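Engineer: Before I ask anything, let me first share the structure, which is written out below as structure tokens.
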Amino acid sequence: MNEMTRRRLVAASGMILAAPALAQRGWPERPVTLLVPYAAGGSNDVVARLLAPKLQAALGQSFVVENRTGAGGSIGMAAVARGPSDGTLFLISSASNHVMYPIVAPGTVPDPREAFAGISMLVDVPLALTVANRLGVSDLRGLLALLKREPGKHSFASSGVGGSQHLAGELFKMMAGVDIDHVPYRGGGPALNDLVAGQVSLSFLNLPTALPQGEAGTVRILAVAGERRSALKPDIPTVAESGVPGFAVRSWTAAFAPRATAPEIVARFNAALREILGDPAVKARLAELGTEAEPSAPDELDRFVRAEFDLWTPVIRAAKVTAG
């Protein structure tokens, strides 16, 4: 074999070996839409807009954020579920619209467990059990003792019916065995205002919402609702370790694709997101926004969503929560 022939064979073998990688690098070939089923300015939207330019730099194609609102997020979800599966459209979803609202209002959107393929968990937004100062309690055990001494005399606020804050309160009622009434508000801000004023007794608020008032001493944060303490405030204990064993609620944001999207696209998108979310600068920026980067594998996210349905379906039915 002469030198020229040997070089041609080596080059040919290199092309064969590189072919799968080159094929994978074919996506994205066109601009990509990240659809947020809520208005601009919410946590899903903020995360999507933070990630979009990073994804464009990593993958060499434009990523555009589109907001499509209405019906508890189900209008935007339906648009993605029934949209193209060619890697040009993805959903930036959350616990409230992806799991809770479909249970509260069945039939408003195709079953998310079947309609979507998980790409990656993106961030976790800690919920904080926050109480009015007028209660005079300093820890969760004190709160539980008060609520059990005075059944039916206390209420909990939330940012609206059927969302993670509301259902965290319903799960707390069930697992702690306390009698408290739900008072829905049009957002976490108004709920916090009435908590500061003592019009309601307690609330599961997003930690970034509650923290400034907690540090100012106008309300007291007793615990966080997740399985583990928040990296943002590791000195705050969890509800589970403070008196309600097994209690855990996550307020999360994640990326999903239409179910028929090619596994190769899902894998490449996942790899890009994991790299971006692992960047110290991105993690620091997310922390400033009150969230924690939580990347995952696609199959992990799919299993998590199924587990969330198993958790919340009996809670919502027992609490008789409806969209109306």
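Chain identifiers are assigned as A, B, and so on, following the order in which chains appear in the structure tokens; residues are numbered from 1 within each chain, and ligands are numbered from 1 in order of appearance.
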Using only C-alpha atoms, which residues of region 117-162 of chain A come within 9 Å of region 214-229 of chain A, and what is the closest atom pair for each, with the distance in Å to one decimal? Give it as JSON lines, sorted by chain and residue number.

Structural biologist:
```
{"residue": "A:Pro126", "atom": "CA", "partner": "A:Gly226", "partner_atom": "CA", "distance": 6.6}
{"residue": "A:Leu127", "atom": "CA", "partner": "A:Ala225", "partner_atom": "CA", "distance": 5.4}
{"residue": "A:Ala128", "atom": "CA", "partner": "A:Val224", "partner_atom": "CA", "distance": 4.3}
{"residue": "A:Leu129", "atom": "CA", "partner": "A:Ala223", "partner_atom": "CA", "distance": 5.3}
{"residue": "A:Thr130", "atom": "CA", "partner": "A:Ile221", "partner_atom": "CA", "distance": 4.3}
{"residue": "A:Val131", "atom": "CA", "partner": "A:Arg220", "partner_atom": "CA", "distance": 5.4}
{"residue": "A:Ala132", "atom": "CA", "partner": "A:Val219", "partner_atom": "CA", "distance": 5.2}
{"residue": "A:Asn133", "atom": "CA", "partner": "A:Val219", "partner_atom": "CA", "distance": 5.4}
{"residue": "A:Arg134", "atom": "CA", "partner": "A:Val219", "partner_atom": "CA", "distance": 8.9}
{"residue": "A:Val137", "atom": "CA", "partner": "A:Arg220", "partner_atom": "CA", "distance": 8.5}
{"residue": "A:Ser138", "atom": "CA", "partner": "A:Leu222", "partner_atom": "CA", "distance": 7.0}
{"residue": "A:Asp139", "atom": "CA", "partner": "A:Leu222", "partner_atom": "CA", "distance": 5.4}
{"residue": "A:Leu140", "atom": "CA", "partner": "A:Leu222", "partner_atom": "CA", "distance": 5.9}
{"residue": "A:Leu143", "atom": "CA", "partner": "A:Leu222", "partner_atom": "CA", "distance": 8.9}
```

Engineer: Go through region 116-153 of chain A and flag each residue having an atom no more than 8 Å from region 270-284 of chain A; for those, report the closest pair of atoms plus their distance in Å to one decimal, using only C-alpha atoms, ordered by chain and rising number, as a tab-separated table.

Structural biologist:
```
residue	atom	partner	partner_atom	distance
A:Ile119	CA	A:Asn270	CA	5.5
A:Ser120	CA	A:Asn270	CA	5.9
A:Leu122	CA	A:Leu277	CA	7.5
```

Engineer: Those residues with C-alpha atoms, as a CSV table (one decimal), in the first residue's frame please?

Structural biologist:
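Final file, result29.csv:
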```csv
chain,number,residue,atom,x,y,z
A,119,ILE,CA,-35.4,17.4,28.3
A,120,SER,CA,-34.0,18.5,31.7
A,122,LEU,CA,-33.9,23.6,35.0
```

Engineer: From the set A:Ser155, A:Asn97, A:Ser62, A:Ser164, which residue has the shortest atom-to-atom contact distance to Val178 (chain A), counting only C-alpha atoms?

Structural biologist: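 Smallest separation from Val178 (chain A) among the options: A:Ser155.
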
Engineer: Show which residues sit within 9 Å of Gly70 (chain A), as a list in words. Count only C-alpha atoms, and ignore same-chain residues fewer than 2 positions away.

Structural biologist: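 What passes the distance filter is Pro37, Tyr38, Ala39, Arg68, Gly72, Gly73, Ser74, Ile75 and Gly76 of chain A.
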
Engineer: Produce a file of the selected residues containing C-alpha atoms, as a PDB file, in the first residue's frame.

Structural biologist:
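Wrote again-v6.pdb, looks like this:
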```pdb
ATOM      1  CA  PRO A  37     -47.185  29.366  29.048  1.00  0.00           C
ATOM      2  CA  TYR A  38     -47.249  32.434  31.312  1.00  0.00           C
ATOM      3  CA  ALA A  39     -46.821  36.178  30.898  1.00  0.00           C
ATOM      4  CA  ARG A  68     -48.564  32.176  25.261  1.00  0.00           C
ATOM      5  CA  GLY A  72     -53.600  28.004  33.946  1.00  0.00           C
ATOM      6  CA  GLY A  73     -50.885  27.516  31.348  1.00  0.00           C
ATOM      7  CA  SER A  74     -52.881  24.943  29.384  1.00  0.00           C
ATOM      8  CA  ILE A  75     -53.133  27.055  26.200  1.00  0.00           C
ATOM      9  CA  GLY A  76     -49.368  27.218  25.833  1.00  0.00           C
TER      10      GLY A  76
END
```

Engineer: DSSP on the backbone: what in region 13-105 of chain A comes out alpha helix (DSSP H), as a PyMOL selection string?

Structural biologist: chain A and resi 13-24+43-59+74-81+95+101-104

Engineer: Taking only C-alpha atoms into account, name the residue in A:Pro298, A:Pro84, A:Pro208, A:Pro151 that is nearest to Gly188 (chain A).

Structural biologist: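 Distance minimum relative to Gly188 (chain A) lands on A:Pro208.
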
Engineer: Would you give me, as a PyMOL selection string, the residues in region 82-208 of chain A that DSSP reads as strand (DSSP E or B)?

Structural biologist: chain A and resi 89-94+116-125+127-132+154-158+180-184+202-206

Engineer: List as JSON lines every residue of region 178-294 of chain A that is in contact with region 305-309 of chain A, defined as an atom at most 12 Å from one of its atoms (using only C-alpha atoms), together with the nearest atom pair and the distance in Å rounded to one decimal, sorted by chain and then rising number.

Structural biologist:
```
{"residue": "A:Ala248", "atom": "CA", "partner": "A:Glu308", "partner_atom": "CA", "distance": 10.9}
{"residue": "A:Val249", "atom": "CA", "partner": "A:Glu308", "partner_atom": "CA", "distance": 9.4}
{"residue": "A:Arg250", "atom": "CA", "partner": "A:Glu308", "partner_atom": "CA", "distance": 9.3}
{"residue": "A:Ser251", "atom": "CA", "partner": "A:Glu308", "partner_atom": "CA", "distance": 11.0}
{"residue": "A:Trp252", "atom": "CA", "partner": "A:Val305", "partner_atom": "CA", "distance": 10.8}
{"residue": "A:Thr253", "atom": "CA", "partner": "A:Val305", "partner_atom": "CA", "distance": 11.5}
{"residue": "A:Ala254", "atom": "CA", "partner": "A:Val305", "partner_atom": "CA", "distance": 10.2}
{"residue": "A:Ala255", "atom": "CA", "partner": "A:Val305", "partner_atom": "CA", "distance": 11.8}
{"residue": "A:Phe256", "atom": "CA", "partner": "A:Val305", "partner_atom": "CA", "distance": 11.0}
```

Engineer: Limited to N, CA, C and O atoms, could you put the picked residues into a file as a CSV table (one decimal), in the first residue's frame?

Structural biologist:
```csv
chain,number,residue,atom,x,y,z
A,248,ALA,N,-42.9,17.2,51.5
A,248,ALA,CA,-42.0,17.7,50.6
A,248,ALA,C,-42.8,18.3,49.4
A,248,ALA,O,-43.6,17.5,48.8
A,249,VAL,N,-42.5,19.5,49.0
A,249,VAL,CA,-43.2,20.1,47.9
A,249,VAL,C,-42.1,20.9,47.1
A,249,VAL,O,-41.3,21.7,47.7
A,250,ARG,N,-42.0,20.7,45.8
A,250,ARG,CA,-41.1,21.4,45.0
A,250,ARG,C,-41.8,22.3,44.0
A,250,ARG,O,-42.8,21.9,43.4
A,251,SER,N,-41.3,23.5,43.9
A,251,SER,CA,-41.8,24.5,42.9
A,251,SER,C,-40.7,24.6,41.9
A,251,SER,O,-39.7,25.2,42.1
A,252,TRP,N,-40.9,23.9,40.7
A,252,TRP,CA,-39.8,23.7,39.8
A,252,TRP,C,-40.1,24.3,38.4
A,252,TRP,O,-41.3,24.5,38.1
A,253,THR,N,-39.1,24.4,37.6
A,253,THR,CA,-39.2,24.8,36.2
A,253,THR,C,-38.3,23.8,35.4
A,253,THR,O,-37.2,23.5,35.8
A,254,ALA,N,-38.9,23.3,34.3
A,254,ALA,CA,-38.2,22.3,33.5
A,254,ALA,C,-38.5,22.5,32.0
A,254,ALA,O,-39.4,23.2,31.6
A,255,ALA,N,-37.6,21.9,31.1
A,255,ALA,CA,-37.8,21.9,29.7
A,255,ALA,C,-38.4,20.6,29.2
A,255,ALA,O,-37.9,19.6,29.5
A,256,PHE,N,-39.3,20.7,28.2
A,256,PHE,CA,-40.0,19.6,27.7
A,256,PHE,C,-40.1,19.7,26.1
A,256,PHE,O,-40.1,20.9,25.6
```
